[in-house]
Amino acid sequence: MRRVLTMIMLGAAVALSGCSTVDYGDAQARETVNTDFGSTDLQMIASKMVDDMLVFPPIVQLTQNRRPVVFVDSIKNKTTEHIDTESITDTIQSKLLNSGKFRFVDMTKVESVREQLDYQSESGLVDPNTAAQMGRQIGAEFMMYGNFSSIVKREGSTKDVYYKFTLKLMNIQTGIIEWANEKEIRKTQKKSLFGM
Amino acid sequence: MTIFRPLMALLVALLLTACSASNMGQLEVDENGETVTRVYSNNSLLSSRISVPDLKQKKVGDLLYMQATLENDWKFQLDFQYKVKFFDADGFELQPEAQPWRQVVMAGRSQNNIKAIAPNPSAVRFEIWVQE
């Protein structure tokens with residue numbers, strides 16, 4: 001009896017010992033683990049916004065001979081999920097910057113820049129000829145901001161999620177919205193008996 | 001026991017059913033002033049169901065802008081992904097990690113226009129890649 005019990009415990013230990021593997025995947029591949037906001041959604045939104053902005057005729061004209069300075073305000077997250085909207089605007093900002101059409105100012109680093117300017121001008125340790133001067137920064141001409149909302153519906157084993165991302169570009173001086181666009185995403189999850 | 005065995009076989013078959021394949025096809029578009037469309041693929045099934053009846057490109061400002069008309073030659077809905085890769089004059093791919101796979105769902109015997117703009121002004125040609 002004792003031998004049988006030992007064998008059962010050994011068998012259970014082998015059966016329960018999970019085998020975990022870690023692997024790298026394509027970061028650009030479609031991710032459909034569940035209906036929550038994911039990497040594919042982020043990439044689709046960023047690509048759509050950047051593509052549409054760069055081909056919009058008034059923006060093409062605006063960026064023909066100069067690179068306007070933009071600051072990115074926050075994206076208001078109105079969805080029921082915790083989503084890092086800064087990550088979306090970071091991707092959009094990177095793509096626009098790399099296009100050579102826009103330049104950006106980073107309002108999240110104002111205090112760090114001020115500290116560095118104070119250090120360069122007041123510490124006495126920095127050669128005044130190479131120290132960055134106060135009051136020489138370039139003011140942003142445009143503000144980028146937007147909303148992110150969702151509608152979630154459940155019926156039995158079906159879950160439907162609709163996302164809408166809106167992005168706008170406003171001329172700070174005139175208050176005119178020069179460009180705006182939306183990206184809609186619909187994801188549906190159906191749970192079947194065998195989970196296939 | 002006679003009922004149990006077919007049921008087990010059915011269960012195993014269901015468990016082993018793969019949901020998707022990682023097949024990849026390529027629709028390459030080579031631009032040398034004139035529009036030349038070359039289509040080849042290592043996924044014969046997918047490529048046999050997709051054709052490119054029209055292809056356009058223009059400069060928007062100094063950025064290359066492309067539009068390809070994809071046609072689903074199959075009578076059923078086709079669900080696949082595409083990616084547009086842009087290359088400079090020396091053949092270097094531009095920002096390869098910035099171009100995501102984009103999902104497209106096409107009804108049977110339908111056409112869909114896909115568009116993409118180059119990530120920067122140095123792009124001179126592009127390729128369209130598709131996968132299931």
# chains A, B, ... in the order shown; residues from 1 in each chain; ligands from 1
$ interface_residues --of "chain B" --to "chain A" --cutoff "7 Å" --atoms "only C-alpha atoms" --output "JSON, numbers by chain"
{"B": [19, 60, 61, 100, 101, 102, 116, 117, 119, 120]}
$ write_last_selection --atoms "C-alpha atoms" --output "mmCIF file, in the first residue's frame"
data_model
loop_
_atom_site.group_PDB
_atom_site.id
_atom_site.type_symbol
_atom_site.label_atom_id
_atom_site.label_comp_id
_atom_site.auth_asym_id
_atom_site.auth_seq_id
_atom_site.Cartn_x
_atom_site.Cartn_y
_atom_site.Cartn_z
ATOM 1 C CA CYS B 19 -5.886 27.227 -35.641
ATOM 2 C CA VAL B 60 3.013 63.608 -51.521
ATOM 3 C CA GLY B 61 5.367 66.460 -50.792
ATOM 4 C CA PRO B 100 3.339 46.636 -38.679
ATOM 5 C CA TRP B 101 1.325 43.829 -40.206
ATOM 6 C CA ARG B 102 -2.089 45.229 -41.079
ATOM 7 C CA ALA B 116 0.790 53.398 -47.242
ATOM 8 C CA ILE B 117 3.167 56.315 -47.098
ATOM 9 C CA PRO B 119 8.423 56.652 -43.471
ATOM 10 C CA ASN B 120 10.815 59.265 -44.880
#
$ residues_around --residues "region 73-76 of chain A" --least-positions-apart "6" --cutoff "6 Å" --atoms "only C-alpha atoms" --output "ChimeraX atom specification"
/A:85,144-147
$ write_last_selection --atoms "C-alpha atoms" --output "mmCIF file, in the first residue's frame"
data_model
loop_
_atom_site.group_PDB
_atom_site.id
_atom_site.type_symbol
_atom_site.label_atom_id
_atom_site.label_comp_id
_atom_site.auth_asym_id
_atom_site.auth_seq_id
_atom_site.Cartn_x
_atom_site.Cartn_y
_atom_site.Cartn_z
ATOM 1 C CA THR A 85 -1.977 56.223 -24.006
ATOM 2 C CA MET A 144 -1.541 67.276 -30.575
ATOM 3 C CA TYR A 145 -4.266 65.787 -28.398
ATOM 4 C CA GLY A 146 -7.107 63.312 -28.537
ATOM 5 C CA ASN A 147 -9.522 60.841 -27.019
#
$ select_by_dssp --residues "chain A" --states "helix (DSSP H, G or I)" --output "PyMOL selection string"
chain A and resi 2-16+39-55+57-62+85-99+107-122
$ residues_around --residues "Phe165 (chain A)" --least-positions-apart "4" --cutoff "7 Å" --atoms "only C-alpha atoms" --output "NGL selection string"
:A and (147-149 or 182-184)
$ write_last_selection --atoms "N, CA and C atoms" --output "tab-separated table (two decimals), in the first residue's frame"
chain	number	residue	atom	x	y	z
A	147	ASN	N	-8.70	61.67	-27.92
A	147	ASN	CA	-9.52	60.84	-27.02
A	147	ASN	C	-9.44	59.38	-27.45
A	148	PHE	N	-9.64	58.53	-26.48
A	148	PHE	CA	-9.68	57.10	-26.76
A	148	PHE	C	-10.87	56.51	-26.00
A	149	SER	N	-11.85	56.02	-26.74
A	149	SER	CA	-13.06	55.50	-26.08
A	149	SER	C	-13.36	54.08	-26.55
A	182	GLU	N	-9.79	59.67	-37.15
A	182	GLU	CA	-10.23	58.62	-36.22
A	182	GLU	C	-9.77	57.27	-36.72
A	183	LYS	N	-9.57	56.39	-35.77
A	183	LYS	CA	-9.32	54.98	-36.12
A	183	LYS	C	-10.28	54.13	-35.30
A	184	GLU	N	-11.04	53.31	-36.00
A	184	GLU	CA	-11.98	52.42	-35.31
A	184	GLU	C	-11.45	50.99	-35.38
